[in-house]
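Novice: I am attaching a structure below and will ask some questions about it afterwards.
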Amino acid sequence: MISNQILQNTIDGLKGITRTDLCVIDVEGKILAATFPNAEAFIEPAQAFVTSPADSQVINGCQFFKVFDDHQLEYVLLAYGDSEDVYMIGKIASFQIQNLLVAYKERFDKDNFIKNLLLDNLLLVDIYNRAKKLHIDIEVRRVVFIVETNREKDGNELEKIRSLFGGKSKGFVTAVDEKNIIVVKELAENETYDDLRKTAEVILNLFRSEADGVHIAYGTVINELKEVSRSYKEARMALDVGKIFFEERNIIAYSQLGIGRLIYQLPIPLCKMFIKEIFDGKSPDDFDEEILSTINKFFENSLNVSETSRQLYIHRNTLVYRLDKLQKSTGLDLRVFEDAITFKIALMVVKYMKYMESMDY
């Protein structure tokens, strides 16, 4: 259904061109949009006109027109003015609004189809049949982006993103919950993952004033329409995993998740068992801030003792002492690659467990 704001903008534009006042009333007698103040005086005549067999009629010096959607009466349009062309202007306005109904109905049908496609609610035969009816290409490269804001979305945010997609780009913009906007982007043959990153940056720039609260994730490129749900699930996972292991990033791709993707799929009981075995009942949270910052910097520098001590502004022997101390308490020597990997994974597992606990509450 067309929003009241769209109707108001339409008749305001027509009045600006024709200098004829217009009003749109629904079949229940509610004024949806008007360009003159005393439109209420025409509510009763409009309701009487709804039940009449005529498609147009003059009542109290005002032209009344019926606007249909697929033979179903949707609106009564009023055209009011001194011009001799009021009838013709009213017919043009009715035609314009009827075309808007068709366009918005098509958008609604496509939107509904894409939502069900994303949520994997369609049988394969339904996907092909409905895509054909809606003139949507089946074998085209596509990718799914998820844009998560820190507040409930509104129509303006959807329209912001729709301004980038749709039309010639043949992209779809929709929403399946309160805070996420979904973009199914059709890709050209030469578009790469670097281009997808740039697209995500363009979307992020639309929300400059609130960029800290906006996260964008995207899945892998798919070649068939039936695989759209897979790219969506990947983007969904990237969004969650990104919040756990890459908090500093506003943009995250499924292909960049690394080992975090595996950890995210582990059951919590197994994670607890792993941590208990590695740390003998302790937790990395028990380490003081100095040790944790030393460990993180050591990992950042690929286990390079000299470079880590230089960046921490400490003597090499001080760093060695800290690593020896950590080895005594955990049995893991971070200078040994295998132990370093074990410790790194353990830190990530603890981070994952904390995130899941916070989600439970």
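Within each chain, counting starts at residue 1; across the structure tokens, chains are named A, B, ... in the order shown, with ligands numbered 1 upward in that order.
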May I have the residues within 12 Å of Gln327 of chain A as a PDB file with N, CA, C and O atoms, in the first residue's frame, using only C-alpha atoms and disregarding those fewer than 3 positions away in the same chain?
Specialist:
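Output saved as result07.pdb:
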```
ATOM      1  N   ILE A 278      42.851 -26.886  29.661  1.00  0.00           N
ATOM      2  CA  ILE A 278      44.018 -26.062  29.341  1.00  0.00           C
ATOM      3  C   ILE A 278      44.536 -25.322  30.567  1.00  0.00           C
ATOM      4  O   ILE A 278      45.741 -25.279  30.841  1.00  0.00           O
ATOM      5  N   PHE A 279      43.632 -24.748  31.340  1.00  0.00           N
ATOM      6  CA  PHE A 279      44.041 -23.882  32.458  1.00  0.00           C
ATOM      7  C   PHE A 279      43.817 -24.514  33.836  1.00  0.00           C
ATOM      8  O   PHE A 279      43.917 -23.822  34.851  1.00  0.00           O
ATOM      9  N   ILE A 291      49.995  -8.916  32.242  1.00  0.00           N
ATOM     10  CA  ILE A 291      50.264 -10.174  31.545  1.00  0.00           C
ATOM     11  C   ILE A 291      49.433 -10.270  30.261  1.00  0.00           C
ATOM     12  O   ILE A 291      49.935 -10.656  29.205  1.00  0.00           O
ATOM     13  N   ILE A 295      50.795 -10.625  26.489  1.00  0.00           N
ATOM     14  CA  ILE A 295      50.424 -11.756  25.625  1.00  0.00           C
ATOM     15  C   ILE A 295      49.892 -11.262  24.282  1.00  0.00           C
ATOM     16  O   ILE A 295      50.307 -11.729  23.210  1.00  0.00           O
ATOM     17  N   VAL A 320      61.011 -11.921  28.836  1.00  0.00           N
ATOM     18  CA  VAL A 320      61.298 -13.346  29.024  1.00  0.00           C
ATOM     19  C   VAL A 320      60.833 -13.809  30.400  1.00  0.00           C
ATOM     20  O   VAL A 320      60.267 -14.901  30.555  1.00  0.00           O
ATOM     21  N   TYR A 321      61.036 -12.953  31.411  1.00  0.00           N
ATOM     22  CA  TYR A 321      60.608 -13.277  32.777  1.00  0.00           C
ATOM     23  C   TYR A 321      59.084 -13.461  32.822  1.00  0.00           C
ATOM     24  O   TYR A 321      58.572 -14.408  33.449  1.00  0.00           O
ATOM     25  N   ARG A 322      58.369 -12.566  32.167  1.00  0.00           N
ATOM     26  CA  ARG A 322      56.905 -12.653  32.165  1.00  0.00           C
ATOM     27  C   ARG A 322      56.433 -13.929  31.456  1.00  0.00           C
ATOM     28  O   ARG A 322      55.497 -14.601  31.917  1.00  0.00           O
ATOM     29  N   LEU A 323      57.091 -14.271  30.359  1.00  0.00           N
ATOM     30  CA  LEU A 323      56.711 -15.480  29.629  1.00  0.00           C
ATOM     31  C   LEU A 323      57.024 -16.734  30.433  1.00  0.00           C
ATOM     32  O   LEU A 323      56.256 -17.707  30.416  1.00  0.00           O
ATOM     33  N   ASP A 324      58.159 -16.704  31.167  1.00  0.00           N
ATOM     34  CA  ASP A 324      58.510 -17.839  32.037  1.00  0.00           C
ATOM     35  C   ASP A 324      57.482 -17.994  33.157  1.00  0.00           C
ATOM     36  O   ASP A 324      57.081 -19.112  33.505  1.00  0.00           O
ATOM     37  N   THR A 330      50.654 -21.950  33.685  1.00  0.00           N
ATOM     38  CA  THR A 330      49.745 -22.616  32.740  1.00  0.00           C
ATOM     39  C   THR A 330      50.331 -23.853  32.088  1.00  0.00           C
ATOM     40  O   THR A 330      49.584 -24.668  31.529  1.00  0.00           O
ATOM     41  N   GLY A 331      51.635 -23.979  32.135  1.00  0.00           N
ATOM     42  CA  GLY A 331      52.273 -25.101  31.455  1.00  0.00           C
ATOM     43  C   GLY A 331      52.443 -24.846  29.961  1.00  0.00           C
ATOM     44  O   GLY A 331      52.849 -25.746  29.226  1.00  0.00           O
ATOM     45  N   LEU A 332      52.154 -23.626  29.512  1.00  0.00           N
ATOM     46  CA  LEU A 332      52.270 -23.288  28.088  1.00  0.00           C
ATOM     47  C   LEU A 332      53.369 -22.262  27.871  1.00  0.00           C
ATOM     48  O   LEU A 332      53.391 -21.206  28.501  1.00  0.00           O
ATOM     49  N   ASP A 333      54.287 -22.588  26.975  1.00  0.00           N
ATOM     50  CA  ASP A 333      55.370 -21.679  26.624  1.00  0.00           C
ATOM     51  C   ASP A 333      55.009 -20.987  25.307  1.00  0.00           C
ATOM     52  O   ASP A 333      55.032 -21.609  24.242  1.00  0.00           O
ATOM     53  N   LEU A 334      54.677 -19.707  25.388  1.00  0.00           N
ATOM     54  CA  LEU A 334      54.205 -18.992  24.204  1.00  0.00           C
ATOM     55  C   LEU A 334      55.286 -18.811  23.144  1.00  0.00           C
ATOM     56  O   LEU A 334      54.981 -18.410  22.024  1.00  0.00           O
ATOM     57  N   ARG A 335      56.518 -19.100  23.474  1.00  0.00           N
ATOM     58  CA  ARG A 335      57.588 -19.031  22.475  1.00  0.00           C
ATOM     59  C   ARG A 335      57.584 -20.265  21.580  1.00  0.00           C
ATOM     60  O   ARG A 335      58.239 -20.294  20.538  1.00  0.00           O
ATOM     61  N   VAL A 336      56.829 -21.291  21.998  1.00  0.00           N
ATOM     62  CA  VAL A 336      56.665 -22.507  21.197  1.00  0.00           C
ATOM     63  C   VAL A 336      55.368 -22.371  20.409  1.00  0.00           C
ATOM     64  O   VAL A 336      54.309 -22.122  20.984  1.00  0.00           O
ATOM     65  N   ASP A 339      52.155 -24.267  21.545  1.00  0.00           N
ATOM     66  CA  ASP A 339      51.594 -23.734  22.795  1.00  0.00           C
ATOM     67  C   ASP A 339      50.943 -22.374  22.559  1.00  0.00           C
ATOM     68  O   ASP A 339      49.896 -22.052  23.153  1.00  0.00           O
ATOM     69  N   ALA A 340      51.571 -21.570  21.712  1.00  0.00           N
ATOM     70  CA  ALA A 340      51.010 -20.247  21.410  1.00  0.00           C
ATOM     71  C   ALA A 340      49.650 -20.378  20.736  1.00  0.00           C
ATOM     72  O   ALA A 340      48.704 -19.652  21.071  1.00  0.00           O
ATOM     73  N   PHE A 343      47.066 -21.399  23.329  1.00  0.00           N
ATOM     74  CA  PHE A 343      46.711 -20.284  24.206  1.00  0.00           C
ATOM     75  C   PHE A 343      45.816 -19.286  23.457  1.00  0.00           C
ATOM     76  O   PHE A 343      44.832 -18.766  24.008  1.00  0.00           O
TER      77      PHE A 343
END
```
Novice: Name the residues of segment 96-323 of chain A that come out as alpha helix (DSSP H) in a backbone DSSP run; write them as a VMD selection string.
Specialist: chain A and resid 96 to 118 124 to 133 155 to 162 193 to 205 228 to 245 259 to 264 268 to 279 289 to 300 305 to 312 316 to 323
Novice: Need the shell around Asn250 of chain A: protein/DNA/RNA residues with any atom at most 7 Å away, counting only C-alpha atoms. Skip same-chain ones fewer than 4 positions apart. Format as a list in words?
Specialist: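 Final neighbour list, sorted by chain and number: Val214, His215 and Ile216 of chain A.
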Novice: With N, CA, C and O atoms retained, could you export that selection as a CSV table (one decimal), in the first residue's frame?
Specialist:
```
chain,number,residue,atom,x,y,z
A,214,VAL,N,26.9,1.3,13.9
A,214,VAL,CA,26.5,0.6,12.7
A,214,VAL,C,27.5,-0.5,12.3
A,214,VAL,O,28.7,-0.2,12.3
A,215,HIS,N,27.1,-1.7,12.1
A,215,HIS,CA,27.9,-2.8,11.6
A,215,HIS,C,27.4,-3.4,10.3
A,215,HIS,O,26.2,-3.5,10.1
A,216,ILE,N,28.3,-3.6,9.4
A,216,ILE,CA,27.9,-4.2,8.1
A,216,ILE,C,28.7,-5.5,7.9
A,216,ILE,O,29.9,-5.6,8.1
```
Novice: Using only C-alpha atoms, determine which residues lie at most 6 Å from segment 26-37 of chain A, disregarding the query and same-chain residues fewer than 3 positions distant; provide the list as a compact mmCIF listing (two decimals) with N, CA and C atoms, in the first residue's frame.
Specialist:
```
# COMPACT_ATOMS: atom_id res chain seq x y z
N ASN A 4 0.82 7.44 3.17
CA ASN A 4 0.15 8.74 3.09
C ASN A 4 1.12 9.83 2.64
N GLN A 8 0.65 12.35 -0.40
CA GLN A 8 0.69 13.80 -0.21
C GLN A 8 1.71 14.44 -1.15
N ASP A 21 -6.63 21.95 -6.71
CA ASP A 21 -6.57 21.26 -5.42
C ASP A 21 -7.03 19.81 -5.58
N LEU A 22 -6.38 18.94 -4.82
CA LEU A 22 -6.68 17.51 -4.88
C LEU A 22 -6.79 16.94 -3.48
N CYS A 23 -7.52 15.86 -3.36
CA CYS A 23 -7.66 15.18 -2.07
C CYS A 23 -7.85 13.70 -2.32
N ILE A 43 -16.22 14.44 3.01
CA ILE A 43 -16.15 13.04 3.46
C ILE A 43 -17.46 12.31 3.20
N GLN A 47 -18.20 9.10 0.70
CA GLN A 47 -18.72 7.80 1.13
C GLN A 47 -19.95 7.40 0.30
N TYR A 75 -9.28 4.07 -3.53
CA TYR A 75 -9.36 5.47 -3.11
C TYR A 75 -10.46 6.20 -3.87
```
Novice: Excluding Met237 of chain A and its own-chain neighbours fewer than 5 positions away, which residues fall within 9 Å of it when counting only C-alpha atoms? Please give them as a list of chain:residue names.
Specialist: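 What passes the distance filter is A:Ala217, A:Gly219, A:Tyr232, A:Gly242, A:Tyr254, A:Arg261, A:Tyr264.
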Novice: Write the residues you've just listed into a file as a PDB file, in the first residue's frame, and include C-alpha atoms for each of them.
Specialist:
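The file below, result-v6.pdb, is the result:
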```
ATOM      1  CA  ALA A 217      28.562  -7.827   7.252  1.00  0.00           C
ATOM      2  CA  GLY A 219      28.552 -13.328   2.854  1.00  0.00           C
ATOM      3  CA  TYR A 232      22.451 -14.400   4.080  1.00  0.00           C
ATOM      4  CA  GLY A 242      32.627  -9.913  14.162  1.00  0.00           C
ATOM      5  CA  TYR A 254      32.412 -13.978   6.125  1.00  0.00           C
ATOM      6  CA  ARG A 261      34.017 -19.053  12.511  1.00  0.00           C
ATOM      7  CA  TYR A 264      31.423 -19.774  17.057  1.00  0.00           C
TER       8      TYR A 264
END
```
Novice: I'd like the contact shell of Leu124 of chain A - 10 Å cut-off, only C-alpha atoms, skipping same-chain residues fewer than 4 positions apart - returned as a ChimeraX atom specification.
Specialist: /A:117,120,128-129,225-226
Novice: Kindly export the residues of the current selection with all heavy atoms, as a compact mmCIF listing (two decimals), in the first residue's frame.
Specialist:
```txt
# COMPACT_ATOMS: atom_id res chain seq x y z
N LEU A 117 12.85 -15.91 0.55
CA LEU A 117 14.05 -16.50 -0.03
C LEU A 117 15.20 -16.45 0.98
O LEU A 117 15.92 -17.44 1.17
CB LEU A 117 14.42 -15.73 -1.30
CG LEU A 117 15.53 -16.30 -2.19
CD1 LEU A 117 15.13 -17.67 -2.74
CD2 LEU A 117 15.82 -15.35 -3.34
N ASP A 120 14.82 -18.95 3.74
CA ASP A 120 14.79 -20.33 3.27
C ASP A 120 13.41 -20.96 3.47
O ASP A 120 13.29 -22.13 3.85
CB ASP A 120 15.85 -21.16 4.02
CG ASP A 120 16.43 -22.26 3.15
OD1 ASP A 120 16.09 -22.31 1.96
OD2 ASP A 120 17.20 -23.08 3.67
N TYR A 128 11.73 -20.83 -8.54
CA TYR A 128 11.82 -20.63 -9.99
C TYR A 128 10.53 -20.03 -10.55
O TYR A 128 10.57 -19.13 -11.39
CB TYR A 128 12.13 -21.96 -10.68
CG TYR A 128 13.54 -22.45 -10.44
CD1 TYR A 128 13.82 -23.77 -10.14
CD2 TYR A 128 14.61 -21.56 -10.50
CE1 TYR A 128 15.12 -24.21 -9.91
CE2 TYR A 128 15.91 -21.99 -10.28
CZ TYR A 128 16.15 -23.31 -9.98
OH TYR A 128 17.45 -23.73 -9.76
N ASN A 129 9.38 -20.52 -10.08
CA ASN A 129 8.10 -20.03 -10.61
C ASN A 129 7.86 -18.57 -10.25
O ASN A 129 7.47 -17.76 -11.10
CB ASN A 129 6.95 -20.89 -10.08
CG ASN A 129 6.92 -22.27 -10.70
OD1 ASN A 129 7.50 -22.49 -11.77
ND2 ASN A 129 6.27 -23.22 -10.04
N LEU A 225 20.01 -17.90 -7.73
CA LEU A 225 19.04 -17.28 -6.82
C LEU A 225 18.74 -18.16 -5.61
O LEU A 225 18.58 -17.68 -4.49
CB LEU A 225 17.75 -16.96 -7.58
CG LEU A 225 16.73 -16.07 -6.88
CD1 LEU A 225 17.30 -14.69 -6.64
CD2 LEU A 225 15.46 -15.99 -7.71
N LYS A 226 18.70 -19.47 -5.83
CA LYS A 226 18.36 -20.40 -4.75
C LYS A 226 19.39 -20.38 -3.63
O LYS A 226 19.12 -20.83 -2.51
CB LYS A 226 18.21 -21.83 -5.29
CG LYS A 226 19.52 -22.41 -5.82
CD LYS A 226 19.32 -23.81 -6.36
CE LYS A 226 20.64 -24.40 -6.87
NZ LYS A 226 20.49 -25.76 -7.40
```
Novice: Got a sec: who's within 9 Å of Val176 of chain A, counting only C-alpha atoms, leaving out chain neighbours fewer than 2 positions off, as a ChimeraX atom specification?
Specialist: /A:115,118-119,174,178-182
Novice: From the DSSP assignment of the backbone, select every residue of segment 55-232 of chain A that is strand (DSSP E), and format the answer as number ranges by chain.
Specialist: A: 56-59, 62-69, 72-80, 142-148, 172-174, 180-186, 215-218
Novice: Which residue, A:Leu196, A:Lys243, A:Met353, A:Leu312, has the smallest gap to Met273 of chain A when you use only C-alpha atoms?
Specialist: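 Closest to Met273 of chain A of all the choices is A:Met353.
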Novice: Let me make sure I understand: among A:Lys272, A:Arg197, A:Leu204, A:Asn38, which one has the smallest atom-to-atom distance to Gln256 of chain A if we use only C-alpha atoms?
Specialist: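 Once distances to Gln256 of chain A are computed over only C-alpha atoms, the minimum belongs to A:Arg197.
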Novice: Can you measure atom CA of Asp177 of chain A to atom CA of Arg236 of chain A for me? One decimal in Å is fine.
Specialist: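 Answer for the atom CA of Asp177 of chain A to atom CA of Arg236 of chain A separation: 12.3 Å.
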Novice: Could you check the closest approach to Arg142 of chain A for each of A:Ser94, A:Gln57, A:Ser231, A:Ser83 and tell me which residue wins, using only C-alpha atoms?
Specialist: A:Ser231
Novice: One decimal, in Å: what's the spacing between atom CA of Asp85 of chain A and atom CA of Asp70 of chain A?
Specialist: 27.2 Å
Novice: Of the candidates A:Lys91, A:Lys160, A:Arg208, A:Arg141, which shows the shortest atom-to-atom distance to Asn223 of chain A, using only C-alpha atoms?
Specialist: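 With only C-alpha atoms as the atom set, the closest residue is A:Arg141.
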Novice: In Å, with one decimal, what is the gap from atom CA of Gly81 of chain A to atom CA of Cys62 of chain A?
Specialist: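 Taking atom CA of Gly81 of chain A as the start and atom CA of Cys62 of chain A as the end point, the length is 7.6 Å.
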Novice: When distances are computed from only C-alpha atoms, which of A:Glu139, A:Glu186, A:Asp55, A:Asp195 shows the smallest separation from Gly90 of chain A?
Specialist: A:Asp55
